[in-house]
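Okay, so here's the structure we're looking at.
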There are 2 protein chains.
Amino acid sequence: MIVTIVQMNSTIGDFEGNARRISELAAKAAAAGETSAGASGSAAPGRPDFVVFPEMALCGYPPMDLLDQDAFVDGNLSALRRLQKELPPDLAVGVGYVDRNRSGSGRSLVNAYSVIAGGKVVFTQEKTLLPTYDVFDEARYFEPAKARKVFTPPSGRIGFAICEDFWWEAPPSPSFKYPLDPVKELLDSDIDMLIVPSASPFVSGKLKTRLGLARKTAREGHIPVLYCNAVGANDSLVFDGRSFAVSPEGETVAMCGWDEALLTIDAATLAASTISANAVTDAGAGAGDDSESHNAMDAAAAGPGAAGEAAIEEIHQALVVGIRDYLRKSGFSAACLGLSGGIDSAIVAALAAEALGSANVTCIAMPSRFSSGGSIDDSVELCRRGNLRLERLSIEAPFTAYLNLLAAPFAGRPFNLAEENLQARIRGALLMAWSNKFDSLLLTTGNKSEIAAGYCTLYGDMCGALAPIGDLFKTEVYALARHLNALAAAAGKPEPIPLPIIEKAPSAELRLGQKDQDSLPEYDLLDAILRRYIEDNASLSEIVAEGFDREVVKKVLGLTARAEYKRRQAAPVIKVSKRAFGVGRRLPLARRCHETDL
Amino acid sequence: MIVTIVQMNSTIGDFEGNARRISELAAKAAAAGETSAGASGSAAPGRPDFVVFPEMALCGYPPMDLLDQDAFVDGNLSALRRLQKELPPDLAVGVGYVDRNRSGSGRSLVNAYSVIAGGKVVFTQEKTLLPTYDVFDEARYFEPAKARKVFTPPSGRIGFAICEDFWWEAPPSPSFKYPLDPVKELLDSDIDMLIVPSASPFVSGKLKTRLGLARKTAREGHIPVLYCNAVGANDSLVFDGRSFAVSPEGETVAMCGWDEALLTIDAATLAASTISANAVTDAGAGAGDDSESHNAMDAAAAGPGAAGEAAIEEIHQALVVGIRDYLRKSGFSAACLGLSGGIDSAIVAALAAEALGSANVTCIAMPSRFSSGGSIDDSVELCRRGNLRLERLSIEAPFTAYLNLLAAPFAGRPFNLAEENLQARIRGALLMAWSNKFDSLLLTTGNKSEIAAGYCTLYGDMCGALAPIGDLFKTEVYALARHLNALAAAAGKPEPIPLPIIEKAPSAELRLGQKDQDSLPEYDLLDAILRRYIEDNASLSEIVAEGFDREVVKKVLGLTARAEYKRRQAAPVIKVSKRAFGVGRRLPLARRCHETDL
């Protein structure tokens with residue numbers, strides 16, 4: 001049996017576009033296989049019997065409450081019927097979509113995966129384990145599958161574990177146990193191959209877990225396991241692709257990269273080939289040996305957390321994909337951002353340039369009476385190196401106008417947070433004016449440490465449509481800066497981030513001589529506490545028991561709890577950690593903090 | 001059997017405060033009953049055998065992802081143990097809280113309801129039907145109950161249907177059917193009384209559904225049904241209390257109002273009394289005849305939607321409770337808002353004054369070159385009538401400063417949305433400066449029609465911590481204005497909303513002669529389409545089939561879809577409809593609109 005995994009980049013709600021792409025890529029898979037088979041002496045597999053697409057490839061993932069609209073479900077079902085007419089009748093094609101629950105009990109919908117062959121749906125498996133944690137809300141919409149079934153074409157017995165169905169061994173929390181294990185049921189049903197159609201978002205280190213589960217399953221069942229992931233980004237989520245095939249012995253035979261790609265494997269010989277979905281010829285077809293695949297497999301060695309160059313590189317990849325797809329799927333080609341002279345905005349500028357091309361990125365420096373001379377010099381140097389457009393707009397005149405206007409009602413009150421925030425809000429208004437005037441999407445440059453502690457101004461520096469580094473702690477931002485410089489140096493190019501930007505003490509420059517560490521603990525300390533609190537849900541007393549000073553921990557937890565109202569109105573962040581701010585972390589605003597008593 | 005229902009206003013995470021209040025109110029229930037029983041000739045019931053509190057009264061509802069923190073669950077369990085020591089040992093008390101799931105399978109937690117008597121937990125029922133739609137996420141945290149149990153004190157057999165457990169007959173959508181009916185199981189178990197501890201948020205017209213379910217159940221089982229709801233607000237949700245008792249014949253015997261209150265009923269005689277939780281004496285005790293109860297029972301006659309004075313009055317009540325509790329639970333006593341001279345800000349000013357006292361509300365008028373003379377005059381008159389502080393800050397100077405600053409980069413481009421939004425953003429920055437300087441919470445004044453169509457400026461007029469009328473369509477805002485004036489006139493007081501504010505054509509006044517209807521369909525038409533689209537999830541073709549012009553419908557749906565990114569960063573709105581913007585409506589941003597092809 002020869003199977004092609006297609007990792008596809010769907011757009012939510014674009015039924016026509018997604019169906020067209022499925023047809024194109026199915027045809028490409030067939031054609032590539034025929035060419036390979038014809039080449040004498042080639043180790044590449046021949047024409048596939050079966051082409052598989054990711055979970056919900058037809059409608060895009062996650063459609064969220066669009067699923068409440070009958071018109072959305074109908075649109076996706078119409079596209080499924082069109083596909084039945086358009087796909088080559090002699091090819092079996094597996095496609096994920098949303099279907100109605102026709103069982104008469106439970107939720108209205110099911111997360112369905114069907115095989116189309118000969119113009120008909122010949123097999124359907126619904127998803128059993130419905131992730132309802134973090135960013136996932138599947139129990140909100142779907143009824144779980146009642147049974148696990150085996151697809152039985154003449155060439156073999158195939159089981160499907162749809163994304164979470166594969167994760168029984170790695171539940172969202174140690175105290176949570178799914179009531180049944182779909183993979184075990186399928187292995188007990190004597191399958192010859194397990195296919196895992198997924199829409200699994202990137203989390204640092206998660207690839208290792210996926211591979212571990214696949215290897216264990218492959219060895220247990222003595223069968224190949226094919227993991228077919230979605231690729232591309234939707235809002236906060238980056239689907240990292242990196243689809244792979246594991247042999248019955250638990251060896252990773254081939255792996256795709258971060259772009260649309262096809263991976264073909266012959267289950268008998270384990271010959272495998274990967275090609276880019278955009279390759280116009282089949283020149284790229286071969287024995288799964290392109291460099292992209294190797295990078296992805298290197299990254300798999302990295303565990304969770306930010307340690308190691310491979311881990312930082314996969315975060316780098318995720319952020320570039322996340323920026324690129326958010327703009328493309330929102331209909332924008334250009335971005336703008338405020339450049340402060342600090343590390344955060346410098347990194348976002350570099351990432352945006354990589355994602356969109358430097359010609360499509362405008363940086364705006366907005367100095368005030370409190371800006372250091374170095375801030376402007378460093379911004380100029382950053383833009384020179386990156387070939388980025390730099391605009392300069394001093395905020396002094398509007399700031400003075402506001403201060404004069406407020407002089408009477410604020411008379412006798414000292415310069416404080418009100419005036420500090422005002423400067424950030426003038427910058428936000430200028431950036432939004434730029435965005436409105438030039439149809440340029442504004443990127444906000446906050447990092448996870450400051451968004452956690454509330455060291456940021458709502459409607460000020462928090463203005464923006466997307467927060468590319470909002471899930472990176474400050475210490476990770478530094479690591480990424482050094483990594484980008486090292487990548488450039490290794491390629492003989494100029495380092496994108498000037499050293500003074502990395503080495504200066506961080507400052508918001510909203511009053512004279514202000515430094516971040518006047519208000520916050522040192523970032524090493526802050527980030528260590530925040531990581532335990534936000535990502536692990538550790539308690540105050542647990543964190544203190546690990547050796548941190550109680551007063552410091554209490555301060556950090558209190559700052560984080562009090563800033564919840566800012567995060568409720570924050571831009572979506574690109575998720576790279578197991579717990580990012582945004583849709584995956586839902587907290588009430590008006591409450592008493594049970595730990596800090598605030 | 002004599003039972004007291006206590007509708008309590010819990011604060012999320014305030015375990016000590018909530019437990020203290022439970023003790024106080026349980027003692028009050030016992031004391032009030034003793035007094036009543038002693039009064040010769042009184043029809044009021046005697047000392048209760050059993051005092052019941054709402055669902056999750058101990059931890060507050062909804063705790064959302066605080067439930068992922070072990071420290072939160074532990075804090076609530078410690079409070080439960082303290083209650084066991086502190087409650088009078090001769091009184092049975094029913095309390096809702098969160099417990100760990102000890103069954104070894106499924107989610108980590110359960111939504112629990114226990115009876116404490118004699119210093120011990122003597123009975124526990126977990127919740128069976130876990131609402132996971134709209135604003136609810138219970139399947140994210142809880143494992144459903146395996147069985148329905150009967151509490152059997154000597155005085156009778158009591159069943160508990162915890163909130164959604166009572167709603168089998170009224171599922172969230174017609175195509176959704178819960179797999180079992182907990183109430184039917186309890187009726188089949190021969191109970192003498194059904195108690196429904198709830199944390200059921202206000203939705204216009206929902207009281208009628210609650211009463212209908214209770215009456216039907218009471219008649220079917222020939223038993224009294226006691227509905228014990230939470231009261232007070234948390235963020236977007238207003239718990240409207242209005243707890244009630246229904247006789248075995250299906251008659252509503254007594255009903256509480258919108259404040260903390262105790263309702264005692266003798267199951268044998270159906271004698272009932274309600275008292276305010278804040279009454280210092282028992283003077284208020286009697287045969288359930290206070291005017292507040294009558295208002296609540298009048299409102300119950302109102303169906304869903306905004307028709308009728310009773311329906312508008314319950315929305316009015318909900319908004320006042322929502323504003324008051326959001327400020328109190330967030331630690332604020334004062335509010336500020338921008339006053340444009342239009343109907344939206346006028347209504348928010350009047351509601352804020354009612355909720356907080358007029359001395360605690362500051363209105364800020366911020367005229368520009370485009371403001372009409374009438375706008376300021378009307379604002380002055382509104383504040384005169386309401387005894388509200390009015391500040392005047394012209395935005396001309398900062399606006400000019402911005403325009404000068406942007407003259408060079410914007411050269412040759414016409415005045416457009418960029419400059420219009422800039423004015424709204426100057427106002428937002430001034431209001432936030434005020435909020436920061438005077439510790440005054442900013443209310444944003446947008447209505448549901450403009451938030452839907454995106455006829456609002458992100459980081460401009462959308463600035464604010466809470467959107468009191470963000471779930472009212474413009475036509476409902478007008479109805480509420482007329483209602484407030486009618487209430488005042490009936491009480492012989494000056495009408496709060498000056499007539500010119502109600503009668504003028506709505507305008508954002510961001511360019512010369514601008515009117516809302518230059519950009520939007522007439523509000524009657526717009527609101528009718530939006531209601532079908534947003535609240536009923538009707539499709540374009542369904543709405544067109546109802547007689548609306550296809551191009552108009554397409555425009556409205558397109559505007560709504562394109563504005564999703566603004567709503568993602570919007571302030572929480574106070575929910576009054578079945579589908580409000582915010583946590584109960586979750587949509588992707590980067591997507592293709594399958595209906596308008598945008």
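If you're wondering about the labels, chains in the structure tokens are A, B, ... by order shown, residues count from 1 in each chain, ligands from 1 in order shown.
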
I'd like the neighbourhood of B:Arg389 as a ChimeraX atom specification, where a residue qualifies if any of its atoms comes within 8 Å (using only C-alpha atoms), though same-chain residues fewer than 2 positions away should be ignored. /B:359,361-363,383,387,391

6 Å contact set for A:Glu260, only C-alpha atoms, chain neighbours under 6 positions out, as a PDB file with N, CA and C atoms, in the first residue's frame:
```
ATOM      1  N   GLN A   7       0.250  17.676   3.742  1.00  0.00           N
ATOM      2  CA  GLN A   7       0.037  18.661   4.809  1.00  0.00           C
ATOM      3  C   GLN A   7      -0.314  19.978   4.134  1.00  0.00           C
ATOM      4  N   MET A   8      -1.562  20.384   4.366  1.00  0.00           N
ATOM      5  CA  MET A   8      -2.144  21.490   3.608  1.00  0.00           C
ATOM      6  C   MET A   8      -2.438  22.669   4.511  1.00  0.00           C
ATOM      7  N   ALA A 277       4.630  21.256  -1.989  1.00  0.00           N
ATOM      8  CA  ALA A 277       3.351  21.379  -2.677  1.00  0.00           C
ATOM      9  C   ALA A 277       3.431  22.395  -3.807  1.00  0.00           C
TER      10      ALA A 277
END
```

Would you pick out the contacts of stretch 475-484 of chain B at 9 Å or less, using only C-alpha atoms, so that residues sharing its chain but fewer than 6 positions from it are not included, and give the list as a compact mmCIF listing (two decimals) with N, CA and C atoms, in the first residue's frame?
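Okay, this is what ended up in selection.txt:
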```
# COMPACT_ATOMS: atom_id res chain seq x y z
N ALA B 306 -37.32 42.51 23.15
CA ALA B 306 -37.37 43.78 23.86
C ALA B 306 -38.76 44.36 23.93
N GLU B 309 -42.90 47.00 28.35
CA GLU B 309 -42.23 47.74 29.42
C GLU B 309 -41.58 46.80 30.44
N ILE B 312 -38.25 45.72 29.16
CA ILE B 312 -37.26 46.80 29.23
C ILE B 312 -36.85 47.05 30.68
N GLU B 313 -37.81 46.93 31.57
CA GLU B 313 -37.48 47.16 32.98
C GLU B 313 -36.51 46.10 33.50
N ILE B 315 -34.24 44.57 31.77
CA ILE B 315 -32.93 44.93 31.21
C ILE B 315 -32.33 46.09 32.00
N HIS B 316 -33.15 47.07 32.31
CA HIS B 316 -32.72 48.20 33.13
C HIS B 316 -32.13 47.71 34.46
N ILE B 343 -27.33 59.67 22.25
CA ILE B 343 -28.19 58.87 23.14
C ILE B 343 -27.41 57.83 23.93
N ASP B 344 -26.37 57.23 23.32
CA ASP B 344 -25.67 56.13 23.98
C ASP B 344 -24.98 56.61 25.26
N ALA B 346 -25.55 59.28 26.89
CA ALA B 346 -26.54 59.81 27.83
C ALA B 346 -27.12 58.69 28.69
N ILE B 347 -27.47 57.59 28.06
CA ILE B 347 -28.04 56.45 28.79
C ILE B 347 -27.02 55.86 29.76
N ALA B 350 -26.78 57.98 32.79
CA ALA B 350 -27.94 57.82 33.68
C ALA B 350 -27.87 56.50 34.45
N ASN B 447 -23.07 50.71 21.58
CA ASN B 447 -24.22 49.81 21.58
C ASN B 447 -23.95 48.62 20.65
N SER B 449 -25.45 47.53 17.97
CA SER B 449 -25.54 47.76 16.53
C SER B 449 -24.21 48.25 15.98
N ILE B 469 -23.94 49.10 27.72
CA ILE B 469 -25.04 48.88 26.77
C ILE B 469 -24.55 48.19 25.50
N GLU B 495 -37.31 64.13 33.93
CA GLU B 495 -36.89 63.06 33.02
C GLU B 495 -35.37 63.11 32.84
N PRO B 496 -34.65 62.00 33.04
CA PRO B 496 -33.18 62.07 32.99
C PRO B 496 -32.62 62.38 31.59
N ILE B 497 -33.28 61.91 30.54
CA ILE B 497 -32.72 62.07 29.19
C ILE B 497 -33.46 63.18 28.45
N ILE B 502 -32.90 62.30 22.39
CA ILE B 502 -33.64 61.16 21.84
C ILE B 502 -34.04 61.44 20.39
N TYR B 523 -31.62 52.28 11.45
CA TYR B 523 -31.41 51.37 12.59
C TYR B 523 -32.50 50.31 12.73
N ASP B 524 -33.75 50.64 12.41
CA ASP B 524 -34.81 49.63 12.48
C ASP B 524 -34.45 48.42 11.62
N ASP B 527 -30.98 46.70 12.83
CA ASP B 527 -31.15 45.90 14.04
C ASP B 527 -31.92 44.61 13.77
```

Contacts of A:Leu337 at 8 Å or less, counting only C-alpha atoms, minus same-chain residues fewer than 3 places along, as a ChimeraX atom specification? /A:345,349,361-364,431,442-445

Please dump the current selection as a PDB file, in the first residue's frame; keep N, CA and C atoms.
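Below you can see result-v6.pdb, which holds the result:
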```pdb
ATOM      1  N   SER A 345      10.851  45.496  20.060  1.00  0.00           N
ATOM      2  CA  SER A 345      10.450  46.005  18.750  1.00  0.00           C
ATOM      3  C   SER A 345      11.497  45.659  17.679  1.00  0.00           C
ATOM      4  N   ALA A 349      10.531  43.660  14.288  1.00  0.00           N
ATOM      5  CA  ALA A 349      10.876  44.207  12.965  1.00  0.00           C
ATOM      6  C   ALA A 349      11.604  43.153  12.130  1.00  0.00           C
ATOM      7  N   VAL A 361       7.583  46.380   5.298  1.00  0.00           N
ATOM      8  CA  VAL A 361       7.576  46.691   6.732  1.00  0.00           C
ATOM      9  C   VAL A 361       8.013  48.140   6.944  1.00  0.00           C
ATOM     10  N   THR A 362       7.183  48.908   7.657  1.00  0.00           N
ATOM     11  CA  THR A 362       7.559  50.277   8.005  1.00  0.00           C
ATOM     12  C   THR A 362       7.739  50.378   9.512  1.00  0.00           C
ATOM     13  N   CYS A 363       8.895  50.884   9.912  1.00  0.00           N
ATOM     14  CA  CYS A 363       9.171  51.096  11.327  1.00  0.00           C
ATOM     15  C   CYS A 363       9.009  52.584  11.627  1.00  0.00           C
ATOM     16  N   ILE A 364       8.402  52.885  12.765  1.00  0.00           N
ATOM     17  CA  ILE A 364       8.166  54.270  13.123  1.00  0.00           C
ATOM     18  C   ILE A 364       8.768  54.534  14.498  1.00  0.00           C
ATOM     19  N   LEU A 431       0.502  55.300  15.373  1.00  0.00           N
ATOM     20  CA  LEU A 431       0.664  54.035  14.638  1.00  0.00           C
ATOM     21  C   LEU A 431      -0.649  53.625  13.976  1.00  0.00           C
ATOM     22  N   LEU A 442      -0.869  46.848  11.911  1.00  0.00           N
ATOM     23  CA  LEU A 442       0.016  47.214  13.025  1.00  0.00           C
ATOM     24  C   LEU A 442       0.359  45.986  13.861  1.00  0.00           C
ATOM     25  N   LEU A 443       1.652  45.743  14.047  1.00  0.00           N
ATOM     26  CA  LEU A 443       2.119  44.677  14.933  1.00  0.00           C
ATOM     27  C   LEU A 443       2.446  45.296  16.287  1.00  0.00           C
ATOM     28  N   THR A 444       1.995  44.647  17.347  1.00  0.00           N
ATOM     29  CA  THR A 444       2.336  45.141  18.684  1.00  0.00           C
ATOM     30  C   THR A 444       3.503  44.307  19.211  1.00  0.00           C
ATOM     31  N   THR A 445       4.367  44.927  19.998  1.00  0.00           N
ATOM     32  CA  THR A 445       5.680  44.327  20.235  1.00  0.00           C
ATOM     33  C   THR A 445       5.888  43.826  21.663  1.00  0.00           C
TER      34      THR A 445
END
```

Which residues in stretch 196-408 of chain A does DSSP call helix (DSSP H, G or I)? List them as a ChimeraX atom specification. /A:206-221,291-300,309-330,343-356,358-360,373-386,396-407

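Shortest atom-to-atom contact with B:Asn111 among B:Pro521, B:Pro144, B:Pro572, B:Gly464: B:Pro144, counting only C-alpha atoms.
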
What does the distance from atom CA of B:Ala147 to atom CA of B:Phe202 come to in Å, to one decimal? 28.8 Å

B:Ala261 surroundings by only C-alpha atoms, 10 Å radius, close-in-sequence under 5 positions cut, as a PyMOL selection string: chain B and resi 4-9+25+29+231+241-243+255-256+274-279

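Minimum atom-to-atom distance to B:Asp14, evaluated using only C-alpha atoms, belongs to B:Gly75 out of B:Pro54, B:Pro153, B:Pro224, B:Gly75.
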
Can you tell me which residues surround stretch 80-84 of chain A at a distance of at most 12 Å, considering only C-alpha atoms, apart from same-chain residues fewer than 6 positions away, and format the answer as a ChimeraX atom specification? /A:15-24,26,56-59,73-74,90-99,112-122

Stretch 513-517 of chain A: which residues within 12 Å, counting only C-alpha atoms, same-chain residues fewer than 2 positions away excluded, as a PyMOL selection string? chain A and resi 342+369-372+420+449-450+453-456+474+504-511+519-526

Considering only C-alpha atoms, state which residue in the set B:Asn537, B:Asn485, B:Ser440, B:Thr209 is at the smallest distance from chain A.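 Closest residue, counting only C-alpha atoms: B:Asn537.
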
Calculated over only C-alpha atoms, which of the candidates A:Glu34, A:Asp188, A:Glu503, A:Glu564 has the smallest distance to chain B? A:Glu564

Option closest in space to chain A, from B:Leu339, B:Val573, B:Ala401, B:Val203 [counting only C-alpha atoms]: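 Closest candidate: B:Ala401.
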
Nearest to chain A: which of B:Ser358, B:Ser175, B:Thr264, B:Thr35 is it, counting only C-alpha atoms? B:Ser175

Between atom CA of A:Lys448 and atom CA of A:Ala545, what is the spacing in Å?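 According to the coordinates, atom CA of A:Ala545 and atom CA of A:Lys448 are separated by 23.9 Å.
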